[in-house]
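Participant: My structure is in target-v2.pdb, and what it holds is PDB, C-alpha atoms and all ligand atoms:
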ATOM      1  CA  MET U   1     149.047 111.643  85.792
ATOM      2  CA  ALA U   2     148.149 114.177  83.164
ATOM      3  CA  ALA U   3     145.078 116.275  83.701
ATOM      4  CA  VAL U   4     142.503 116.656  80.968
ATOM      5  CA  GLY U   5     143.279 119.443  78.590
ATOM      6  CA  GLN U   6     146.879 119.620  79.670
ATOM      7  CA  ARG U   7     149.229 120.187  76.762
ATOM      8  CA  ASP U   8     152.494 118.551  75.846
ATOM      9  CA  THR U   9     152.164 115.611  78.199
ATOM     10  CA  ALA U  10     154.841 112.940  78.174
ATOM     11  CA  PRO U  11     152.733 110.379  76.228
ATOM     12  CA  GLU U  12     151.878 113.070  73.699
ATOM     13  CA  LEU U  13     155.539 113.902  73.169
ATOM     14  CA  VAL U  14     156.334 110.211  72.636
ATOM     15  CA  VAL U  15     153.683 109.959  69.925
ATOM     16  CA  ARG U  16     154.831 113.197  68.317
ATOM     17  CA  ARG U  17     158.444 112.034  68.201
ATOM     18  CA  MET U  18     157.409 108.649  66.841
ATOM     19  CA  LEU U  19     155.391 110.089  63.962
ATOM     20  CA  HIS U  20     157.869 112.825  63.207
ATOM     21  CA  GLY U  21     160.585 110.174  62.979
ATOM     22  CA  LEU U  22     158.460 108.333  60.424
ATOM     23  CA  GLY U  23     158.277 111.468  58.315
ATOM     24  CA  TYR U  24     154.744 112.577  59.147
ATOM     25  CA  ARG U  25     154.160 116.276  59.575
ATOM     26  CA  TYR U  26     151.348 117.633  61.673
ATOM     27  CA  ARG U  27     150.011 120.598  63.506
ATOM     28  CA  LEU U  28     149.331 120.736  67.187
ATOM     29  CA  HIS U  29     146.183 121.535  69.149
ATOM     30  CA  ARG U  30     144.125 123.197  66.469
ATOM     31  CA  ARG U  31     141.612 125.129  68.486
ATOM     32  CA  ASP U  32     139.277 125.577  65.561
ATOM     33  CA  LEU U  33     138.577 121.841  65.591
ATOM     34  CA  PRO U  34     136.277 120.092  68.062
ATOM     35  CA  GLY U  35     138.245 118.921  71.093
ATOM     36  CA  SER U  36     141.380 120.776  69.955
ATOM     37  CA  PRO U  37     143.062 117.510  68.839
ATOM     38  CA  ASP U  38     146.631 116.860  69.964
ATOM     39  CA  LEU U  39     147.939 116.121  66.471
ATOM     40  CA  VAL U  40     146.289 117.348  63.282
ATOM     41  CA  PHE U  41     147.096 116.171  59.745
ATOM     42  CA  PRO U  42     145.255 118.774  57.650
ATOM     43  CA  VAL U  43     145.843 117.318  54.171
ATOM     44  CA  ARG U  44     144.861 113.837  55.284
ATOM     45  CA  GLN U  45     141.951 115.258  57.270
ATOM     46  CA  LYS U  46     142.925 113.145  60.223
ATOM     47  CA  VAL U  47     143.514 113.843  63.863
ATOM     48  CA  ILE U  48     145.037 111.959  66.756
ATOM     49  CA  PHE U  49     144.184 112.310  70.409
ATOM     50  CA  VAL U  50     146.581 111.088  73.058
ATOM     51  CA  HIS U  51     144.582 110.207  76.130
ATOM     52  CA  GLY U  52     145.648 109.473  79.671
ATOM     53  CA  CYS U  53     143.972 106.213  80.687
ATOM     54  CA  PHE U  54     142.828 107.443  84.067
ATOM     55  CA  TRP U  55     141.342 110.778  83.053
ATOM     56  CA  HIS U  56     139.553 109.427  80.030
ATOM     57  CA  GLY U  57     138.327 106.224  81.670
ATOM     58  CA  HIS U  58     140.103 103.678  79.510
ATOM     59  CA  THR U  59     139.081 100.040  79.900
ATOM     60  CA  CYS U  60     142.520  98.997  81.130
ATOM     61  CA  PRO U  61     143.969  98.623  84.642
ATOM     62  CA  LYS U  62     145.320 102.187  84.523
ATOM     63  CA  GLY U  63     141.843 103.426  83.717
ATOM     64  CA  ALA U  64     140.177 101.841  86.731
ATOM     65  CA  LEU U  65     138.398 104.196  89.090
ATOM     66  CA  PRO U  66     140.090 104.692  92.462
ATOM     67  CA  LYS U  67     138.588 102.842  95.399
ATOM     68  CA  THR U  68     138.320 105.970  97.502
ATOM     69  CA  ARG U  69     136.337 109.146  96.822
ATOM     70  CA  LEU U  70     134.394 107.398  94.115
ATOM     71  CA  ASP U  71     131.632 109.995  94.359
ATOM     72  CA  TYR U  72     134.198 112.610  93.416
ATOM     73  CA  TRP U  73     136.034 110.775  90.645
ATOM     74  CA  LYS U  74     133.236 108.912  88.946
ATOM     75  CA  PRO U  75     131.231 111.937  87.702
ATOM     76  CA  LYS U  76     134.466 113.652  86.658
ATOM     77  CA  ILE U  77     135.663 110.736  84.540
ATOM     78  CA  GLU U  78     132.178 110.067  83.170
ATOM     79  CA  LYS U  79     131.973 113.683  82.058
ATOM     80  CA  ASN U  80     135.289 113.388  80.222
ATOM     81  CA  LYS U  81     134.151 110.205  78.508
ATOM     82  CA  ARG U  82     130.921 111.834  77.379
ATOM     83  CA  ARG U  83     132.859 114.787  76.027
ATOM     84  CA  ASP U  84     135.247 112.502  74.128
ATOM     85  CA  VAL U  85     132.323 110.730  72.451
ATOM     86  CA  LYS U  86     130.760 114.056  71.504
ATOM     87  CA  VAL U  87     134.022 115.433  70.107
ATOM     88  CA  LEU U  88     134.593 112.342  67.947
ATOM     89  CA  ALA U  89     131.059 112.584  66.567
ATOM     90  CA  GLN U  90     131.522 116.279  65.734
ATOM     91  CA  LEU U  91     134.812 115.603  63.970
ATOM     92  CA  ARG U  92     133.287 112.764  61.957
ATOM     93  CA  LYS U  93     130.417 115.004  60.960
ATOM     94  CA  ASN U  94     132.917 117.570  59.676
ATOM     95  CA  GLY U  95     134.717 114.973  57.555
ATOM     96  CA  TRP U  96     137.648 114.264  59.860
ATOM     97  CA  ARG U  97     138.880 110.834  60.812
ATOM     98  CA  ALA U  98     140.135 110.464  64.341
ATOM     99  CA  ALA U  99     142.283 107.975  66.211
ATOM    100  CA  THR U 100     142.767 107.812  69.946
ATOM    101  CA  VAL U 101     146.078 106.714  71.394
ATOM    102  CA  TRP U 102     145.881 105.508  74.969
ATOM    103  CA  GLU U 103     148.759 106.084  77.319
ATOM    104  CA  CYS U 104     148.973 102.327  78.009
ATOM    105  CA  GLU U 105     149.538 101.620  74.296
ATOM    106  CA  LEU U 106     152.935 103.305  74.509
ATOM    107  CA  ALA U 107     154.232 100.186  76.270
ATOM    108  CA  ASP U 108     154.259  98.424  72.893
ATOM    109  CA  ALA U 109     155.797 101.057  70.632
ATOM    110  CA  LEU U 110     156.086  98.809  67.593
ATOM    111  CA  LYS U 111     152.439  97.809  67.698
ATOM    112  CA  LEU U 112     151.368 101.411  68.192
ATOM    113  CA  LYS U 113     153.560 102.545  65.324
ATOM    114  CA  ARG U 114     151.963  99.999  62.991
ATOM    115  CA  ARG U 115     148.487 101.035  64.034
ATOM    116  CA  LEU U 116     149.140 104.730  63.498
ATOM    117  CA  VAL U 117     150.783 104.211  60.113
ATOM    118  CA  ARG U 118     147.759 102.145  59.053
ATOM    119  CA  PHE U 119     145.443 104.860  60.288
ATOM    120  CA  LEU U 120     147.333 107.715  58.633
ATOM    121  CA  ASP U 121     147.883 106.015  55.279
ATOM    122  CA  ARG U 122     144.451 104.482  54.918
ATOM    123  CA  TYR U 123     142.049 106.044  52.408
ATOM    124  CA  GLN U 124     144.833 108.257  51.120
ATOM    125  CA  SER U 125     143.978 107.415  47.515
ATOM    126  CA  LEU U 126     140.492 108.764  48.128
ATOM    127  CA  GLN U 127     141.741 112.119  49.331
ATOM    128  CA  LYS U 128     141.849 115.053  47.035
TER     129      LYS U 128
HETATM  130 ZN    ZN U 201     144.778 102.302  79.005
END
Please, can you express the file's structure as structure tokens?
Ligand SMILES: [Zn+2]
Facilitator:
Amino acid sequence: MAAVGQRDTAPELVVRRMLHGLGYRYRLHRRDLPGSPDLVFPVRQKVIFVHGCFWHGHTCPKGALPKTRLDYWKPKIEKNKRRDVKVLAQLRKNGWRAATVWECELADALKLKRRLVRFLDRYQSLQK
């Protein structure tokens, strides 16, 4: 299970390899951007976050809160979720488009690939 803020997690490396293999070039963890996104596509003005389902409270089985120590986990996960929402709003405000990849999505690599290509290539004609 990858902790929040941890770099170069296994799911992140899978996404990086996937996009690199498709010919996309990106920068990593730009600290000058809100949330220090995992992958940054400066010319496209797009970013991708790769989130662990548990730590970011995804609405999938992996994202379910544990049955024990709920009083410990719940505020922690809620805080992360609030931060994610805030970061996405800040990025949008600054003209960036963001996509979130959930760890569980890696199970269907083809579907994920299609989604990311759609995300990265969309609106390209409108870019300067
Ligand atoms: Zn999930």
Participant: Could you check which of U:Gly35, U:Ala107, U:Leu70, U:Trp55 is closest to Ala89 (chain U), using only C-alpha atoms?
Facilitator: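 For Ala89 (chain U), the nearest of the given residues is U:Gly35.
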Participant: Could you list, as JSON, numbers by chain, all residues that come within 7 Å of ligand ZN 201 (chain U)? Count only C-alpha atoms and all ligand atoms.
Facilitator: {"U": [53, 58, 59, 60, 61, 62, 63, 102, 103, 104, 105]}
Participant: Would you kindly translate the PyMOL selection byres (((chain U and resi 15) around 12) and not hetatm) into the concrete residues it picks from this file, as a ChimeraX atom specification?
Facilitator: /U:8-14,16-22,24,26,28,38-39,48-51,100-103,105-110,112-113,115-117
Participant: At what distance in Å, to one decimal, does CA of Arg44 (chain U) lie from CA of Phe119 (chain U)?
Facilitator: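 So the two atoms, CA of Phe119 (chain U) and CA of Arg44 (chain U), lie 10.3 Å apart.
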Participant: Provide an axis-aligned box for all listed atoms of region 25-33 of chain U, padding each side by 4 Å; report its centre and its edge lengths in Å to one decimal, as AutoDock Vina command-line options.
Facilitator:
--center_x 146.4 --center_y 120.9 --center_z 64.4 --size_x 23.6 --size_y 17.3 --size_z 17.6
Participant: Any idea what's packed within 8 Å of region 71-85 of chain U, counting all atoms listed in the file, ignoring anything in its chain fewer than 3 positions away? Could you give it as a list in words?
Facilitator: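 Everything that qualifies: Val4, Gly35, Phe54, Trp55, His56, Gly57, Leu65, Pro66, Leu88 and Ala89 of chain U.
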Participant: To one decimal place in Å, what is the distance between CA of Gln90 (chain U) and CA of Asp121 (chain U)?
Facilitator: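 Taking CA of Gln90 (chain U) and CA of Asp121 (chain U), their separation equals 22.0 Å.
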Participant: How many Å lie between CA of Ala64 (chain U) and CA of Arg118 (chain U), rounded to one decimal?
Facilitator: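 Answer for the CA of Ala64 (chain U) to CA of Arg118 (chain U) separation: 28.7 Å.
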Participant: Which residue gives the smallest distance to Arg30 (chain U) among U:Val87, U:Leu120, U:Val47, U:Ala99, with all atoms listed in the file counted?
Facilitator: U:Val47
Participant: Within 12 Å of (147.7, 120.3, 52.2) in the file's own coordinates, which protein, DNA or RNA residues have an atom, counting all atoms listed in the file? List them as a PyMOL selection string.
Facilitator: chain U and resi 25-27+40-46+127-128
